[in-house]
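First comes the structure, then the notes that go with it.
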Amino acid sequence: MDAPHLSVRPLSAGDIPHIVRYWTEMSAADLARLGVDAKKVPSAAALRSQLHALVDAPPQDAKASYLVWLVDGRAVGFNSLKRIVFGVRGDMHLHMWDGGLRGKGFGGTLFCLAALEFFERFRLKEIVCEPSRGNPAPNEMLRRVGFRLIGTRVGASSDLSLVTDLNTFAIERDVAHAYLRRATPGPL
Ligand SMILES: CC(C)(COP(=O)(O)OP(=O)(O)OC[C@H]1O[C@@H](n2cnc3c(N)ncnc32)[C@H](O)[C@@H]1OP(=O)(O)O)[C@@H](O)C(=O)NCCC(=O)NCCS
């Protein structure tokens, strides 16, 4: 069987119910593993309106942005970019809402495609990704791609997060390109 086709695209209105369900139906154990503060997760209605406001937002004004992960054209997860300073920096977050596709090695390629797109769209010089140290999946995935662990700190990685022990990975363009070349033989 052919390897599935992996791609990313901007957020569209049809993705919003998946993302709302992902956050509002997450178990207490999963919230804890991700370092999310249940009290900070907005209501479904508030999330819906926040996400609708991001669809087609011009990059210069955006404080957050989403790219949706596609496996064979089907939306299965997303990267968000938060704390965006246009022309300077942003923080990347990663979530595959389709639990049945986790652990199959798709996240690395999807994350790298999204990172390159965020660098371009927001003219960024720096991206970091800061998973909780107690959450193995993103740490394993980021390490496997080859992103450098540049530090650890105690902090909140996003507006939804608890203060936890975080690993800080530098998301670098050349590392993402090199991984995509390894993962996707042939011209990119
Ligand atoms: C983090 C995430 C996006 C990584 O994407 P992915 O496609 O699952 O990444 P990989 O397939 O490379 O798997 C990475 C690690 O996830 C772990 N994993 C997570 N879910 C798994 C599952 N259902 N089955 C098997 N392994 C799983 C494995 O430890 C794997 O490492 P290994 O292959 O060295 O054993 C995805 O696992 C996810 O959405 N997890 C839940 C949400 C989350 O933790 N987000 C991160 C917030 S910072």
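All residue names refer to the structure tokens as shown: chains lettered A, B, ... in order, residues numbered from 1 in each chain, ligands numbered from 1 in order.
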
Could you pull out all residues of stretch 13-175 of chain A with a DSSP call of alpha helix (DSSP H) and give them as an MDAnalysis selection string? chainID A and resid 16:24 28:34 44:54 107:121 136:145 173:175

Listing only residues of chain A within 6 Å of ligand 1, what is the closest atom pair and its distance in Å (to one decimal) for each, using only C-alpha atoms and all ligand atoms, sorted by chain and residue number ascending, as JSON lines?
{"residue": "A:Leu34", "atom": "CA", "partner": "ligand 1", "partner_atom_place_in_ligand_line": "47 (C)", "distance": 5.4}
{"residue": "A:His93", "atom": "CA", "partner": "ligand 1", "partner_atom_place_in_ligand_line": "48 (S)", "distance": 5.8}
{"residue": "A:Leu94", "atom": "CA", "partner": "ligand 1", "partner_atom_place_in_ligand_line": "3 (C)", "distance": 4.9}
{"residue": "A:His95", "atom": "CA", "partner": "ligand 1", "partner_atom_place_in_ligand_line": "39 (O)", "distance": 3.8}
{"residue": "A:Met96", "atom": "CA", "partner": "ligand 1", "partner_atom_place_in_ligand_line": "39 (O)", "distance": 3.6}
{"residue": "A:Arg102", "atom": "CA", "partner": "ligand 1", "partner_atom_place_in_ligand_line": "8 (O)", "distance": 3.4}
{"residue": "A:Gly103", "atom": "CA", "partner": "ligand 1", "partner_atom_place_in_ligand_line": "11 (O)", "distance": 3.1}
{"residue": "A:Lys104", "atom": "CA", "partner": "ligand 1", "partner_atom_place_in_ligand_line": "11 (O)", "distance": 3.9}
{"residue": "A:Gly105", "atom": "CA", "partner": "ligand 1", "partner_atom_place_in_ligand_line": "11 (O)", "distance": 3.2}
{"residue": "A:Phe106", "atom": "CA", "partner": "ligand 1", "partner_atom_place_in_ligand_line": "7 (O)", "distance": 4.2}
{"residue": "A:Gly107", "atom": "CA", "partner": "ligand 1", "partner_atom_place_in_ligand_line": "7 (O)", "distance": 3.4}
{"residue": "A:Gly108", "atom": "CA", "partner": "ligand 1", "partner_atom_place_in_ligand_line": "12 (O)", "distance": 5.8}
{"residue": "A:Pro131", "atom": "CA", "partner": "ligand 1", "partner_atom_place_in_ligand_line": "48 (S)", "distance": 4.0}
{"residue": "A:Pro136", "atom": "CA", "partner": "ligand 1", "partner_atom_place_in_ligand_line": "29 (O)", "distance": 5.9}
{"residue": "A:Ala137", "atom": "CA", "partner": "ligand 1", "partner_atom_place_in_ligand_line": "16 (O)", "distance": 3.3}
{"residue": "A:Pro138", "atom": "CA", "partner": "ligand 1", "partner_atom_place_in_ligand_line": "1 (C)", "distance": 3.9}
{"residue": "A:Glu140", "atom": "CA", "partner": "ligand 1", "partner_atom_place_in_ligand_line": "31 (O)", "distance": 5.2}
{"residue": "A:Met141", "atom": "CA", "partner": "ligand 1", "partner_atom_place_in_ligand_line": "12 (O)", "distance": 4.4}

Residues within 9 Å of A:Ser157, only C-alpha atoms, excluding chain neighbours under 2 positions, as a list of chain:residue names: A:Gly35, A:Asp91, A:His93, A:Cys129, A:Glu130, A:Pro131, A:Ser132, A:Gly155, A:Asp159, A:Leu160, A:Ser161, A:Leu162, A:Val163, A:Thr164, A:Leu166

Write the residues you've just listed into a file as an mmCIF file, in the first residue's frame, and include N, CA and C atoms for each of them.
data_model
loop_
_atom_site.group_PDB
_atom_site.id
_atom_site.type_symbol
_atom_site.label_atom_id
_atom_site.label_comp_id
_atom_site.auth_asym_id
_atom_site.auth_seq_id
_atom_site.Cartn_x
_atom_site.Cartn_y
_atom_site.Cartn_z
ATOM 1 N N GLY A 35 -0.623 19.178 30.356
ATOM 2 C CA GLY A 35 -0.328 20.385 31.138
ATOM 3 C C GLY A 35 -1.343 21.487 30.894
ATOM 4 N N ASP A 91 5.222 30.689 19.001
ATOM 5 C CA ASP A 91 5.288 29.395 19.706
ATOM 6 C C ASP A 91 4.387 28.400 18.990
ATOM 7 N N HIS A 93 2.309 24.767 18.694
ATOM 8 C CA HIS A 93 1.638 23.712 19.452
ATOM 9 C C HIS A 93 1.138 22.666 18.462
ATOM 10 N N CYS A 129 8.897 25.351 20.431
ATOM 11 C CA CYS A 129 7.802 24.460 20.804
ATOM 12 C C CYS A 129 8.145 23.943 22.190
ATOM 13 N N GLU A 130 7.210 24.079 23.122
ATOM 14 C CA GLU A 130 7.507 23.775 24.523
ATOM 15 C C GLU A 130 6.522 22.774 25.121
ATOM 16 N N PRO A 131 6.687 21.478 24.805
ATOM 17 C CA PRO A 131 5.810 20.484 25.437
ATOM 18 C C PRO A 131 6.155 20.297 26.913
ATOM 19 N N SER A 132 5.156 19.858 27.666
ATOM 20 C CA SER A 132 5.407 19.458 29.050
ATOM 21 C C SER A 132 6.408 18.308 29.063
ATOM 22 N N GLY A 155 7.017 26.887 33.488
ATOM 23 C CA GLY A 155 6.193 27.970 32.964
ATOM 24 C C GLY A 155 4.920 27.430 32.346
ATOM 25 N N ASP A 159 -1.881 30.071 26.670
ATOM 26 C CA ASP A 159 -2.970 30.659 27.464
ATOM 27 C C ASP A 159 -3.845 29.597 28.139
ATOM 28 N N LEU A 160 -3.750 28.325 27.687
ATOM 29 C CA LEU A 160 -4.573 27.259 28.275
ATOM 30 C C LEU A 160 -3.813 26.458 29.341
ATOM 31 N N SER A 161 -2.524 26.770 29.501
ATOM 32 C CA SER A 161 -1.661 25.842 30.241
ATOM 33 C C SER A 161 -1.555 26.144 31.725
ATOM 34 N N LEU A 162 -1.265 25.053 32.457
ATOM 35 C CA LEU A 162 -0.821 25.159 33.847
ATOM 36 C C LEU A 162 0.664 25.498 33.838
ATOM 37 N N VAL A 163 1.167 25.931 34.964
ATOM 38 C CA VAL A 163 2.614 26.077 35.103
ATOM 39 C C VAL A 163 3.184 24.679 35.339
ATOM 40 N N THR A 164 4.046 24.218 34.398
ATOM 41 C CA THR A 164 4.638 22.873 34.517
ATOM 42 C C THR A 164 6.103 22.944 34.091
ATOM 43 N N LEU A 166 8.708 22.462 31.448
ATOM 44 C CA LEU A 166 8.629 22.466 29.987
ATOM 45 C C LEU A 166 9.993 22.170 29.379
#

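Residue nearest A:Val55 within the list A:Arg9, A:Arg74, A:Arg89, A:Arg83: A:Arg9 [criterion: smallest interatomic distance, only C-alpha atoms].
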
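Shortest atom-to-atom contact with A:Lys82 among A:Ser158, A:Lys39, A:Asp15, A:Arg173: A:Ser158, counting only C-alpha atoms.
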
May I have the residues within 9 Å of A:Ala170 as a count of residues only, using only C-alpha atoms and disregarding those fewer than 5 positions away in the same chain? 9
